[in-house]
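Here the structure is laid out as structure tokens; the discussion comes afterwards.
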Amino acid sequence: QVQLVESGGGLVQAGGSLRLSCTVSGRTGDSYCMGWFRQAPGKEREFVAAIHWVAGNTIYSDSVKGRFTISRNNAKNTMYLQMNSLKPEDTAVYYCAADGPTGWGVLETEPKEYGYWGQGTQITVSS
């Protein structure tokens, strides 16, 4: 079992930056794919980025590539999402999620592949 808790949401102006954190507890030594998703009102949950907890490889959606950076600190059992050059269309509830255990370096982009979810944190980008 894995438990996930997000923090770091808030209100920011367009062009600004925020960093989200996802604290992981439970079976943290296993090989998991860790992801960030977001969901805006009236829209489906959307993949943002993923990182393999052990291998460290990453993948991003085209909409955030070059602006967002996913990372993790295994010693602190924490995953991060650094968000720069934020746009109003980035406004959503952001969720961290875990899938696994998985094979080495395996990353998933579909929400249905993830079995563990945090409670979500709101990001609002004003224009």
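Just remember, in the structure tokens the first chain shown is A, the second B, etc., residues are 1-based per chain, and ligands are 1-based in the order shown.
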Please provide as an mmCIF file with N, CA and C atoms, in the first residue's frame all residues within 12 Å of A:Arg19, with the sequence filter that same-chain residues fewer than 5 positions apart are discarded (counting only C-alpha atoms).
```cif
data_model
loop_
_atom_site.group_PDB
_atom_site.id
_atom_site.type_symbol
_atom_site.label_atom_id
_atom_site.label_comp_id
_atom_site.auth_asym_id
_atom_site.auth_seq_id
_atom_site.Cartn_x
_atom_site.Cartn_y
_atom_site.Cartn_z
ATOM 1 N N GLU A 6 -0.497 15.563 -1.350
ATOM 2 C CA GLU A 6 0.024 16.700 -2.099
ATOM 3 C C GLU A 6 0.025 17.965 -1.239
ATOM 4 N N SER A 7 0.903 18.879 -1.583
ATOM 5 C CA SER A 7 0.924 20.198 -0.969
ATOM 6 C C SER A 7 1.536 21.173 -1.959
ATOM 7 N N GLY A 8 1.316 22.471 -1.700
ATOM 8 C CA GLY A 8 1.957 23.490 -2.521
ATOM 9 C C GLY A 8 1.047 24.199 -3.489
ATOM 10 N N GLY A 9 -0.229 23.884 -3.492
ATOM 11 C CA GLY A 9 -1.138 24.564 -4.403
ATOM 12 C C GLY A 9 -1.391 25.999 -3.983
ATOM 13 N N GLY A 10 -2.084 26.720 -4.870
ATOM 14 C CA GLY A 10 -2.419 28.097 -4.539
ATOM 15 C C GLY A 10 -2.768 28.910 -5.751
ATOM 16 N N LEU A 11 -2.778 30.226 -5.557
ATOM 17 C CA LEU A 11 -3.121 31.189 -6.599
ATOM 18 C C LEU A 11 -1.848 31.892 -7.061
ATOM 19 N N VAL A 12 -1.683 31.991 -8.365
ATOM 20 C CA VAL A 12 -0.496 32.638 -8.923
ATOM 21 C C VAL A 12 -0.891 33.378 -10.194
ATOM 22 N N ARG A 67 8.146 23.644 -19.575
ATOM 23 C CA ARG A 67 7.713 24.576 -18.509
ATOM 24 C C ARG A 67 7.693 23.895 -17.142
ATOM 25 N N PHE A 68 7.320 22.635 -17.112
ATOM 26 C CA PHE A 68 7.224 21.889 -15.859
ATOM 27 C C PHE A 68 8.372 20.897 -15.752
ATOM 28 N N THR A 69 8.805 20.637 -14.515
ATOM 29 C CA THR A 69 9.850 19.651 -14.264
ATOM 30 C C THR A 69 9.424 18.749 -13.122
ATOM 31 N N ILE A 70 9.435 17.462 -13.380
ATOM 32 C CA ILE A 70 9.124 16.483 -12.338
ATOM 33 C C ILE A 70 10.429 15.939 -11.782
ATOM 34 N N SER A 71 10.448 15.717 -10.472
ATOM 35 C CA SER A 71 11.648 15.177 -9.833
ATOM 36 C C SER A 71 11.229 14.438 -8.574
ATOM 37 N N MET A 79 7.989 13.520 -4.080
ATOM 38 C CA MET A 79 8.039 13.838 -5.494
ATOM 39 C C MET A 79 7.638 15.298 -5.657
ATOM 40 N N TYR A 80 8.208 15.949 -6.672
ATOM 41 C CA TYR A 80 7.950 17.367 -6.881
ATOM 42 C C TYR A 80 7.471 17.621 -8.310
ATOM 43 N N LEU A 81 6.758 18.730 -8.463
ATOM 44 C CA LEU A 81 6.441 19.247 -9.788
ATOM 45 C C LEU A 81 6.719 20.737 -9.762
ATOM 46 N N GLN A 82 7.823 21.134 -10.381
ATOM 47 C CA GLN A 82 8.166 22.549 -10.511
ATOM 48 C C GLN A 82 7.451 23.088 -11.739
ATOM 49 N N MET A 83 6.620 24.089 -11.546
ATOM 50 C CA MET A 83 5.814 24.642 -12.636
ATOM 51 C C MET A 83 6.229 26.087 -12.878
ATOM 52 N N ASN A 84 6.767 26.354 -14.046
ATOM 53 C CA ASN A 84 7.203 27.696 -14.433
ATOM 54 C C ASN A 84 6.358 28.190 -15.606
ATOM 55 N N SER A 85 6.404 29.487 -15.827
ATOM 56 C CA SER A 85 5.672 30.106 -16.942
ATOM 57 C C SER A 85 4.218 29.642 -16.969
ATOM 58 N N LEU A 86 3.590 29.715 -15.827
ATOM 59 C CA LEU A 86 2.222 29.214 -15.712
ATOM 60 C C LEU A 86 1.258 30.045 -16.552
ATOM 61 N N TYR A 94 -4.654 19.457 -9.114
ATOM 62 C CA TYR A 94 -3.511 18.610 -9.451
ATOM 63 C C TYR A 94 -3.436 17.446 -8.468
ATOM 64 N N THR A 121 -4.702 19.042 -5.051
ATOM 65 C CA THR A 121 -4.460 20.397 -4.589
ATOM 66 C C THR A 121 -4.789 21.363 -5.723
ATOM 67 N N ILE A 123 -4.675 24.516 -8.124
ATOM 68 C CA ILE A 123 -3.809 25.536 -8.710
ATOM 69 C C ILE A 123 -4.691 26.465 -9.534
#
```
Write out as an mmCIF file with N, CA, C and O atoms, in the first residue's frame all residues of stretch 64-111 of chain A that DSSP puts in strand (DSSP E or B) for this structure's backbone.
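Once everything was written out, this is result.cif:
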```cif
data_model
loop_
_atom_site.group_PDB
_atom_site.id
_atom_site.type_symbol
_atom_site.label_atom_id
_atom_site.label_comp_id
_atom_site.auth_asym_id
_atom_site.auth_seq_id
_atom_site.Cartn_x
_atom_site.Cartn_y
_atom_site.Cartn_z
ATOM 1 N N PHE A 68 7.320 22.635 -17.112
ATOM 2 C CA PHE A 68 7.224 21.889 -15.859
ATOM 3 C C PHE A 68 8.372 20.897 -15.752
ATOM 4 O O PHE A 68 8.822 20.350 -16.766
ATOM 5 N N THR A 69 8.805 20.637 -14.515
ATOM 6 C CA THR A 69 9.850 19.651 -14.264
ATOM 7 C C THR A 69 9.424 18.749 -13.122
ATOM 8 O O THR A 69 9.110 19.243 -12.034
ATOM 9 N N ILE A 70 9.435 17.462 -13.380
ATOM 10 C CA ILE A 70 9.124 16.483 -12.338
ATOM 11 C C ILE A 70 10.429 15.939 -11.782
ATOM 12 O O ILE A 70 11.395 15.738 -12.519
ATOM 13 N N SER A 71 10.448 15.717 -10.472
ATOM 14 C CA SER A 71 11.648 15.177 -9.833
ATOM 15 C C SER A 71 11.229 14.438 -8.574
ATOM 16 O O SER A 71 10.068 14.498 -8.154
ATOM 17 N N ARG A 72 12.186 13.740 -8.005
ATOM 18 C CA ARG A 72 11.888 13.077 -6.728
ATOM 19 C C ARG A 72 13.135 13.063 -5.868
ATOM 20 O O ARG A 72 14.268 13.100 -6.367
ATOM 21 N N ASN A 73 12.911 13.007 -4.561
ATOM 22 C CA ASN A 73 13.975 12.875 -3.575
ATOM 23 C C ASN A 73 13.654 11.604 -2.805
ATOM 24 O O ASN A 73 12.793 11.604 -1.924
ATOM 25 N N THR A 78 9.655 12.013 -1.354
ATOM 26 C CA THR A 78 8.857 13.121 -1.871
ATOM 27 C C THR A 78 9.085 13.286 -3.366
ATOM 28 O O THR A 78 10.217 13.207 -3.843
ATOM 29 N N MET A 79 7.989 13.520 -4.080
ATOM 30 C CA MET A 79 8.039 13.838 -5.494
ATOM 31 C C MET A 79 7.638 15.298 -5.657
ATOM 32 O O MET A 79 6.834 15.813 -4.881
ATOM 33 N N TYR A 80 8.208 15.949 -6.672
ATOM 34 C CA TYR A 80 7.950 17.367 -6.881
ATOM 35 C C TYR A 80 7.471 17.621 -8.310
ATOM 36 O O TYR A 80 7.778 16.873 -9.230
ATOM 37 N N LEU A 81 6.758 18.730 -8.463
ATOM 38 C CA LEU A 81 6.441 19.247 -9.788
ATOM 39 C C LEU A 81 6.719 20.737 -9.762
ATOM 40 O O LEU A 81 5.972 21.503 -9.149
ATOM 41 N N GLN A 82 7.823 21.134 -10.381
ATOM 42 C CA GLN A 82 8.166 22.549 -10.511
ATOM 43 C C GLN A 82 7.451 23.088 -11.739
ATOM 44 O O GLN A 82 7.665 22.582 -12.851
ATOM 45 N N MET A 83 6.620 24.089 -11.546
ATOM 46 C CA MET A 83 5.814 24.642 -12.636
ATOM 47 C C MET A 83 6.229 26.087 -12.878
ATOM 48 O O MET A 83 6.065 26.936 -11.994
ATOM 49 N N ALA A 92 -6.324 24.047 -12.482
ATOM 50 C CA ALA A 92 -6.924 22.725 -12.304
ATOM 51 C C ALA A 92 -6.633 22.241 -10.888
ATOM 52 O O ALA A 92 -5.833 22.845 -10.160
ATOM 53 N N VAL A 93 -7.263 21.139 -10.528
ATOM 54 C CA VAL A 93 -6.848 20.401 -9.347
ATOM 55 C C VAL A 93 -5.763 19.432 -9.791
ATOM 56 O O VAL A 93 -5.953 18.680 -10.761
ATOM 57 N N TYR A 94 -4.654 19.457 -9.114
ATOM 58 C CA TYR A 94 -3.511 18.610 -9.451
ATOM 59 C C TYR A 94 -3.436 17.446 -8.468
ATOM 60 O O TYR A 94 -3.531 17.645 -7.251
ATOM 61 N N TYR A 95 -3.250 16.255 -9.029
ATOM 62 C CA TYR A 95 -3.189 15.033 -8.242
ATOM 63 C C TYR A 95 -1.846 14.338 -8.466
ATOM 64 O O TYR A 95 -1.361 14.276 -9.600
ATOM 65 N N CYS A 96 -1.288 13.788 -7.400
ATOM 66 C CA CYS A 96 -0.188 12.857 -7.594
ATOM 67 C C CYS A 96 -0.735 11.431 -7.503
ATOM 68 O O CYS A 96 -1.759 11.190 -6.854
ATOM 69 N N ALA A 97 -0.056 10.525 -8.170
ATOM 70 C CA ALA A 97 -0.543 9.158 -8.279
ATOM 71 C C ALA A 97 0.632 8.197 -8.366
ATOM 72 O O ALA A 97 1.732 8.585 -8.772
ATOM 73 N N ALA A 98 0.368 6.954 -7.990
ATOM 74 C CA ALA A 98 1.401 5.920 -8.038
ATOM 75 C C ALA A 98 0.853 4.670 -8.710
ATOM 76 O O ALA A 98 -0.313 4.294 -8.496
ATOM 77 N N ASP A 99 1.700 4.040 -9.499
ATOM 78 C CA ASP A 99 1.360 2.798 -10.176
ATOM 79 C C ASP A 99 2.462 1.793 -9.904
ATOM 80 O O ASP A 99 3.636 2.073 -10.187
#
```
Check your understanding: as a list in words, which residues of stretch 37-107 of chain A does DSSP assign to helix (DSSP H, G or I)?
Key ->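 The helix (DSSP H, G or I) residues within stretch 37-107 of chain A come out as Asn74, Ala75, Lys76, Pro88, Glu89 and Asp90 of chain A.
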Review point. Quick one: residues within 9 Å of A:Gly100, only C-alpha atoms counted, chain neighbours fewer than 5 positions away excluded, as an NGL selection string?
Key: :A and (30-34 or 113-116)
Take the residues from that selection and put them in a file with all heavy atoms, as a short mmCIF file (atom, residue, chain, number, x, y, z; two decimals), in the first residue's frame.
```cif
data_model
loop_
_atom_site.label_atom_id
_atom_site.label_comp_id
_atom_site.auth_asym_id
_atom_site.auth_seq_id
_atom_site.Cartn_x
_atom_site.Cartn_y
_atom_site.Cartn_z
N ASP A 30 9.63 0.03 -3.15
CA ASP A 30 9.30 -0.72 -4.35
C ASP A 30 9.45 0.14 -5.60
O ASP A 30 9.61 1.35 -5.54
CB ASP A 30 7.86 -1.24 -4.26
CG ASP A 30 7.74 -2.38 -3.27
OD1 ASP A 30 8.79 -2.97 -2.91
OD2 ASP A 30 6.61 -2.69 -2.85
N SER A 31 9.39 -0.52 -6.73
CA SER A 31 9.58 0.13 -8.02
C SER A 31 8.25 0.66 -8.53
O SER A 31 7.45 -0.08 -9.09
CB SER A 31 10.16 -0.90 -9.00
OG SER A 31 10.33 -0.34 -10.27
N TYR A 32 8.02 1.94 -8.36
CA TYR A 32 6.77 2.55 -8.75
C TYR A 32 6.98 3.57 -9.86
O TYR A 32 8.01 4.22 -9.95
CB TYR A 32 6.11 3.26 -7.57
CG TYR A 32 5.43 2.34 -6.59
CD1 TYR A 32 6.14 1.80 -5.53
CD2 TYR A 32 4.10 2.01 -6.73
CE1 TYR A 32 5.53 0.94 -4.63
CE2 TYR A 32 3.48 1.16 -5.83
CZ TYR A 32 4.20 0.63 -4.79
OH TYR A 32 3.58 -0.21 -3.91
N CYS A 33 5.94 3.71 -10.67
CA CYS A 33 5.82 4.85 -11.56
C CYS A 33 5.00 5.89 -10.81
O CYS A 33 3.90 5.59 -10.33
CB CYS A 33 5.12 4.46 -12.86
SG CYS A 33 4.59 5.85 -13.86
N MET A 34 5.53 7.10 -10.69
CA MET A 34 4.85 8.18 -9.98
C MET A 34 4.45 9.24 -10.99
O MET A 34 5.25 9.64 -11.85
CB MET A 34 5.80 8.81 -8.96
CG MET A 34 6.33 7.83 -7.94
SD MET A 34 5.05 7.21 -6.86
CE MET A 34 4.49 8.74 -6.10
N GLU A 113 -4.25 3.37 -15.15
CA GLU A 113 -3.13 2.50 -14.79
C GLU A 113 -2.64 2.75 -13.37
O GLU A 113 -1.86 1.96 -12.84
CB GLU A 113 -1.97 2.72 -15.77
CG GLU A 113 -2.29 2.38 -17.21
CD GLU A 113 -2.60 0.91 -17.41
OE1 GLU A 113 -2.16 0.08 -16.59
OE2 GLU A 113 -3.30 0.59 -18.40
N TYR A 114 -3.09 3.83 -12.76
CA TYR A 114 -2.59 4.21 -11.44
C TYR A 114 -3.56 3.74 -10.36
O TYR A 114 -4.74 4.05 -10.41
CB TYR A 114 -2.40 5.72 -11.36
CG TYR A 114 -1.22 6.22 -12.15
CD1 TYR A 114 -1.28 6.33 -13.55
CD2 TYR A 114 -0.04 6.57 -11.53
CE1 TYR A 114 -0.20 6.78 -14.28
CE2 TYR A 114 1.05 7.03 -12.25
CZ TYR A 114 0.97 7.13 -13.62
OH TYR A 114 2.05 7.57 -14.33
N GLY A 115 -3.03 3.05 -9.37
CA GLY A 115 -3.88 2.50 -8.33
C GLY A 115 -3.96 3.33 -7.06
O GLY A 115 -4.84 3.10 -6.22
N TYR A 116 -3.06 4.29 -6.93
CA TYR A 116 -3.01 5.09 -5.71
C TYR A 116 -3.04 6.57 -6.08
O TYR A 116 -2.32 7.00 -6.98
CB TYR A 116 -1.73 4.78 -4.92
CG TYR A 116 -1.56 3.32 -4.62
CD1 TYR A 116 -0.75 2.53 -5.42
CD2 TYR A 116 -2.21 2.74 -3.54
CE1 TYR A 116 -0.59 1.18 -5.15
CE2 TYR A 116 -2.06 1.39 -3.26
CZ TYR A 116 -1.25 0.62 -4.06
OH TYR A 116 -1.10 -0.72 -3.80
#
```
Within 9 Å of A:Asp90, counting only C-alpha atoms, which residues qualify if same-chain residues fewer than 2 places away don't, as a PDB file with N, CA, C and O atoms, in the first residue's frame?
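Output contents, as saved in result-v4.pdb:
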```
ATOM      1  N   ARG A  38      -3.914  16.329 -13.733  1.00  0.00           N
ATOM      2  CA  ARG A  38      -4.709  17.496 -13.378  1.00  0.00           C
ATOM      3  C   ARG A  38      -6.108  17.358 -13.965  1.00  0.00           C
ATOM      4  O   ARG A  38      -6.300  16.678 -14.980  1.00  0.00           O
ATOM      5  N   ALA A  40      -9.430  19.952 -14.709  1.00  0.00           N
ATOM      6  CA  ALA A  40     -10.121  21.231 -14.704  1.00  0.00           C
ATOM      7  C   ALA A  40     -11.627  20.971 -14.657  1.00  0.00           C
ATOM      8  O   ALA A  40     -12.087  19.896 -15.052  1.00  0.00           O
ATOM      9  N   VAL A  64       2.897  20.751 -21.244  1.00  0.00           N
ATOM     10  CA  VAL A  64       3.720  21.280 -20.155  1.00  0.00           C
ATOM     11  C   VAL A  64       5.207  21.123 -20.421  1.00  0.00           C
ATOM     12  O   VAL A  64       6.031  21.653 -19.652  1.00  0.00           O
ATOM     13  N   LEU A  86       3.590  29.715 -15.827  1.00  0.00           N
ATOM     14  CA  LEU A  86       2.222  29.214 -15.712  1.00  0.00           C
ATOM     15  C   LEU A  86       1.258  30.045 -16.552  1.00  0.00           C
ATOM     16  O   LEU A  86       1.422  31.266 -16.700  1.00  0.00           O
ATOM     17  N   LYS A  87       0.255  29.357 -17.078  1.00  0.00           N
ATOM     18  CA  LYS A  87      -0.763  29.963 -17.924  1.00  0.00           C
ATOM     19  C   LYS A  87      -2.139  29.753 -17.301  1.00  0.00           C
ATOM     20  O   LYS A  87      -2.333  28.795 -16.540  1.00  0.00           O
ATOM     21  N   PRO A  88      -3.095  30.591 -17.625  1.00  0.00           N
ATOM     22  CA  PRO A  88      -4.458  30.387 -17.082  1.00  0.00           C
ATOM     23  C   PRO A  88      -5.003  28.991 -17.382  1.00  0.00           C
ATOM     24  O   PRO A  88      -5.737  28.425 -16.564  1.00  0.00           O
ATOM     25  N   ALA A  92      -6.324  24.047 -12.482  1.00  0.00           N
ATOM     26  CA  ALA A  92      -6.924  22.725 -12.304  1.00  0.00           C
ATOM     27  C   ALA A  92      -6.633  22.241 -10.888  1.00  0.00           C
ATOM     28  O   ALA A  92      -5.833  22.845 -10.160  1.00  0.00           O
ATOM     29  N   ILE A 123      -4.675  24.516  -8.124  1.00  0.00           N
ATOM     30  CA  ILE A 123      -3.809  25.536  -8.710  1.00  0.00           C
ATOM     31  C   ILE A 123      -4.691  26.465  -9.534  1.00  0.00           C
ATOM     32  O   ILE A 123      -5.424  26.003 -10.418  1.00  0.00           O
ATOM     33  N   THR A 124      -4.622  27.759  -9.237  1.00  0.00           N
ATOM     34  CA  THR A 124      -5.372  28.745  -9.998  1.00  0.00           C
ATOM     35  C   THR A 124      -4.401  29.774 -10.542  1.00  0.00           C
ATOM     36  O   THR A 124      -3.650  30.386  -9.780  1.00  0.00           O
ATOM     37  N   VAL A 125      -4.415  29.932 -11.863  1.00  0.00           N
ATOM     38  CA  VAL A 125      -3.530  30.886 -12.525  1.00  0.00           C
ATOM     39  C   VAL A 125      -4.395  32.018 -13.076  1.00  0.00           C
ATOM     40  O   VAL A 125      -5.244  31.791 -13.944  1.00  0.00           O
TER      41      VAL A 125
END
```
Check your understanding: Distance atom CA of A:Gly56-atom CA of A:Trp104, one decimal place?
Key ->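 Taking atom CA of A:Gly56 and atom CA of A:Trp104, their separation equals 9.6 Å.
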Check your understanding: What is the atom CA of A:Val24-atom CA of A:His52 distance in Å, reported with one decimal?
Key ->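 Spanning atom CA of A:Val24 to atom CA of A:His52 is a straight-line distance of 13.4 Å.
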Practice item. Please indicate the distance in Å from atom CA of A:Gln39 to atom CA of A:Leu20, rounded to one decimal place. Key: 15.1 Å
Exercise for review: Between A:Asn74, A:Ser21, A:Gln13, A:Asn57, single out the one closest to A:Gly120, counting only C-alpha atoms.
Suggested key: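 Nearest candidate to A:Gly120 out of A:Asn74, A:Ser21, A:Gln13, A:Asn57: A:Ser21.
Using only C-alpha atoms, the shortest contact distance between A:Leu18 and any of A:Gln119, A:Thr91, A:Thr102, A:Gln3 is found at A:Thr91.
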